[in-house]
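Written out below as C-alpha cells is the structure these notes cover.
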Amino acid sequence: MTVLSGFLPIWAITAVGWAAGRFDVLGQHAQSVLGRFAFAFAMPALLFVTLSRAEVSDLLSPGVAVFAASVLIMLALGLLIGRWVFRRGRADRAIGAMAGAYVNSANLGIPVAVHVLGDASFVVAAALFQTLFVTPLILTLIDLDTGRGAGGRSRFLWLPLRNPIIAASAAGVTVSVLGVQLPEAVTAPAQMLGGAAVPAALFALGMSLDTRAPEPGTAALEDAASAGRAERHVLVTLKTVVQPLLAYALARWGFGIEGDDLLAVVLCAGLPTAQNAFIFASQYRLDTRLVRDAVVLTTLFSMGSLSLITWLLA
C-alpha cells in the first residue's frame, strides 16, 4: 500500500488525459501542444528551480555511483540492442535506450522513497545525476541525428543553448555552484510554471493512449508491428527486472553496500520509465508508441516489483 500510494496520482492524471483524448475534449492538436509546452517551458522551469537549490556534492556517494553505473550500463545495452537486434535509427535507438534505463525519480521516486525509506535524499541525488549527465547525453544523440547535416561541429557546440532543457539545467547548476540566492521575483514564476511539468507530461501521455483500431495493413507493416511488440517486451524487461538485479549485484558484491543503503539503491533502480522519454520522443517526432507503452507497462509492473524489492530487502 505504501508503494501503491505513490502510483495513484500518476494513474489518475493519465486516466483523465486518456478520457480527454477519447472524447475529443481539447481538440486533435492538444497532445502535441501539451508535449511542446512541457518540453519548452514547464520542464526547463522545473529543472532550473530544482537544480539551483540542489547540492551537486550529493552525487559523491557509493550508492549514487552504483545507481549511475546501472543506468549507464542499461543505456549502453539498450543502444546495442536497438542497433543490432531491432535495426533502429540513431535517434530511435537513443529514445529506446532511455525507455529501458531512465527512471521516474521525481513524481514517483520521491513519494515512494518518503513512504518506504523515510528519506528522499538518495532519490534526489539520483535525479540530479540523470538530469546533469543522462538527459544531455540522450538529447545530444537525438539532436545530432535528427539535425544531421545542419551545422556540423558548430551545431554540437551550440546545442546547450538551443535545447531548453539542457540550457535550463546548466543555468540551475551554475546558480547552485556559485551559491547565488535568487530573489523570489525570479523563483516564484519559475516554480509556478515548473509545477505544470509533471501534470502536462502525464496528461499528454494519457491522451496518446487513445489509439483507434488501425486498418488492416500489409505484411511489411504487420512485421514492423510485431518487431515493435518484441522491442517493447525487451525494454520493459530490462527496466523492471534486469536493472534492479544489476544494481543489487553491483551494490552488494561490488561495493559491499548493505542494509537501508542497499534497499535505496535497488529501489531507485527499479523505478519505472520516466514520462520524459515520451515527451522527448514527441518533441523530436520519433516513434512515440514504443516509449508510451514502456512508460505505462513499467509503471504497472513496478507496482509489484517495487513491493517485492521492499519486502525482500527492508
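Scheme for the C-alpha cells: letters A, B, ... for chains in order shown; per-chain residue numbers from 1; ligand numbers from 1 in order shown.
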
Selection near Gly194 (chain A), 10 Å with only C-alpha atoms, sequence-local residues under 2 positions removed, as a list of chain:residue names: A:Ala38, A:Phe41, A:Ala42, A:Met43, A:Pro44, A:Ala45, A:Leu46, A:Leu47, A:Phe48, A:Val49, A:Thr50, A:Ala188, A:Pro189, A:Ala190, A:Gln191, A:Met192, A:Ala196, A:Ala197, A:Val198, A:Pro199

Which residues come within 9 Å of Arg289 (chain A), counting only C-alpha atoms, excluding same-chain residues fewer than 5 positions away, as an mmCIF file with C-alpha atoms, in the first residue's frame?
data_model
loop_
_atom_site.group_PDB
_atom_site.id
_atom_site.type_symbol
_atom_site.label_atom_id
_atom_site.label_comp_id
_atom_site.auth_asym_id
_atom_site.auth_seq_id
_atom_site.Cartn_x
_atom_site.Cartn_y
_atom_site.Cartn_z
ATOM 1 C CA SER A 208 -1.638 9.214 -26.514
ATOM 2 C CA LEU A 209 -3.225 6.026 -25.141
ATOM 3 C CA GLY A 228 7.726 -3.222 -32.100
ATOM 4 C CA PHE A 278 7.592 10.135 -24.143
ATOM 5 C CA ALA A 294 7.214 1.334 -21.964
#

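In terms of minimum interatomic distance to Thr310 (chain A), A:Val116 ranks closest within A:Val116, A:Ala12, A:Ile110, A:Phe67, counting only C-alpha atoms.
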
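Of the residues listed (A:Val175, A:Val123, A:Val265, A:Ile279), A:Ile279 shows the shortest atom-to-atom separation from Leu202 (chain A); distances use only C-alpha atoms.
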
Counting only C-alpha atoms, the residue of A:Arg36, A:Arg93, A:Arg232, A:Arg53 that sits nearest Leu141 (chain A): A:Arg93

Spatial neighbours of Gly259 (chain A), 12 Å, only C-alpha atoms, chain gap at least 2 places, as a PyMOL selection string: chain A and resi 63+117+248+251-252+256-257+261-266+310+312-314

Can those selected residues be exported to a file as a compact mmCIF listing (two decimals), in the first residue's frame so that it contains N, CA, C and O atoms?
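So selection.txt came out as:
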# COMPACT_ATOMS: atom_id res chain seq x y z
N GLY A 63 26.50 4.72 -3.14
CA GLY A 63 25.18 4.32 -3.62
C GLY A 63 24.82 5.00 -4.93
O GLY A 63 24.30 4.37 -5.86
N LEU A 117 11.44 4.55 2.46
CA LEU A 117 12.73 4.78 3.09
C LEU A 117 12.67 5.80 4.22
O LEU A 117 13.57 5.84 5.06
N TYR A 248 21.57 -4.41 -7.67
CA TYR A 248 21.80 -5.22 -6.47
C TYR A 248 23.18 -5.88 -6.53
O TYR A 248 23.93 -5.87 -5.54
N ALA A 251 25.94 -3.23 -6.10
CA ALA A 251 25.97 -2.67 -4.74
C ALA A 251 26.43 -3.70 -3.72
O ALA A 251 27.29 -3.42 -2.87
N ARG A 252 25.87 -4.92 -3.80
CA ARG A 252 26.13 -5.92 -2.77
C ARG A 252 27.52 -6.52 -2.89
O ARG A 252 28.23 -6.66 -1.89
N GLY A 256 29.99 -3.61 -1.56
CA GLY A 256 29.75 -4.04 -0.19
C GLY A 256 28.68 -3.25 0.53
O GLY A 256 28.71 -3.12 1.76
N ILE A 257 27.71 -2.71 -0.21
CA ILE A 257 26.64 -1.92 0.39
C ILE A 257 25.59 -2.87 0.97
O ILE A 257 25.19 -3.84 0.33
N ASP A 261 20.91 1.27 2.84
CA ASP A 261 21.57 1.83 1.66
C ASP A 261 21.39 0.92 0.45
O ASP A 261 21.19 1.40 -0.67
N LEU A 262 21.45 -0.38 0.66
CA LEU A 262 21.24 -1.32 -0.42
C LEU A 262 19.80 -1.25 -0.92
O LEU A 262 19.54 -1.26 -2.13
N LEU A 263 18.85 -1.15 0.01
CA LEU A 263 17.44 -1.01 -0.38
C LEU A 263 17.23 0.25 -1.21
O LEU A 263 16.52 0.22 -2.22
N ALA A 264 17.85 1.36 -0.82
CA ALA A 264 17.68 2.61 -1.55
C ALA A 264 18.18 2.50 -2.98
O ALA A 264 17.52 2.95 -3.93
N VAL A 265 19.35 1.86 -3.15
CA VAL A 265 19.92 1.72 -4.49
C VAL A 265 19.02 0.87 -5.38
O VAL A 265 18.69 1.25 -6.52
N VAL A 266 18.61 -0.30 -4.90
CA VAL A 266 17.83 -1.22 -5.71
C VAL A 266 16.43 -0.67 -5.96
O VAL A 266 15.88 -0.80 -7.06
N THR A 310 10.99 -4.16 -1.72
CA THR A 310 10.87 -3.68 -0.34
C THR A 310 10.71 -4.84 0.63
O THR A 310 11.31 -4.87 1.72
N LEU A 312 11.76 -7.93 0.31
CA LEU A 312 12.97 -8.74 0.40
C LEU A 312 14.11 -8.04 1.11
O LEU A 312 14.91 -8.68 1.81
N LEU A 313 14.23 -6.73 0.94
CA LEU A 313 15.43 -6.03 1.42
C LEU A 313 15.19 -5.13 2.63
O LEU A 313 16.15 -4.73 3.29
N ALA A 314 13.94 -4.80 2.92
CA ALA A 314 13.68 -3.89 4.05
C ALA A 314 14.02 -4.57 5.38
O ALA A 314 13.79 -5.76 5.54
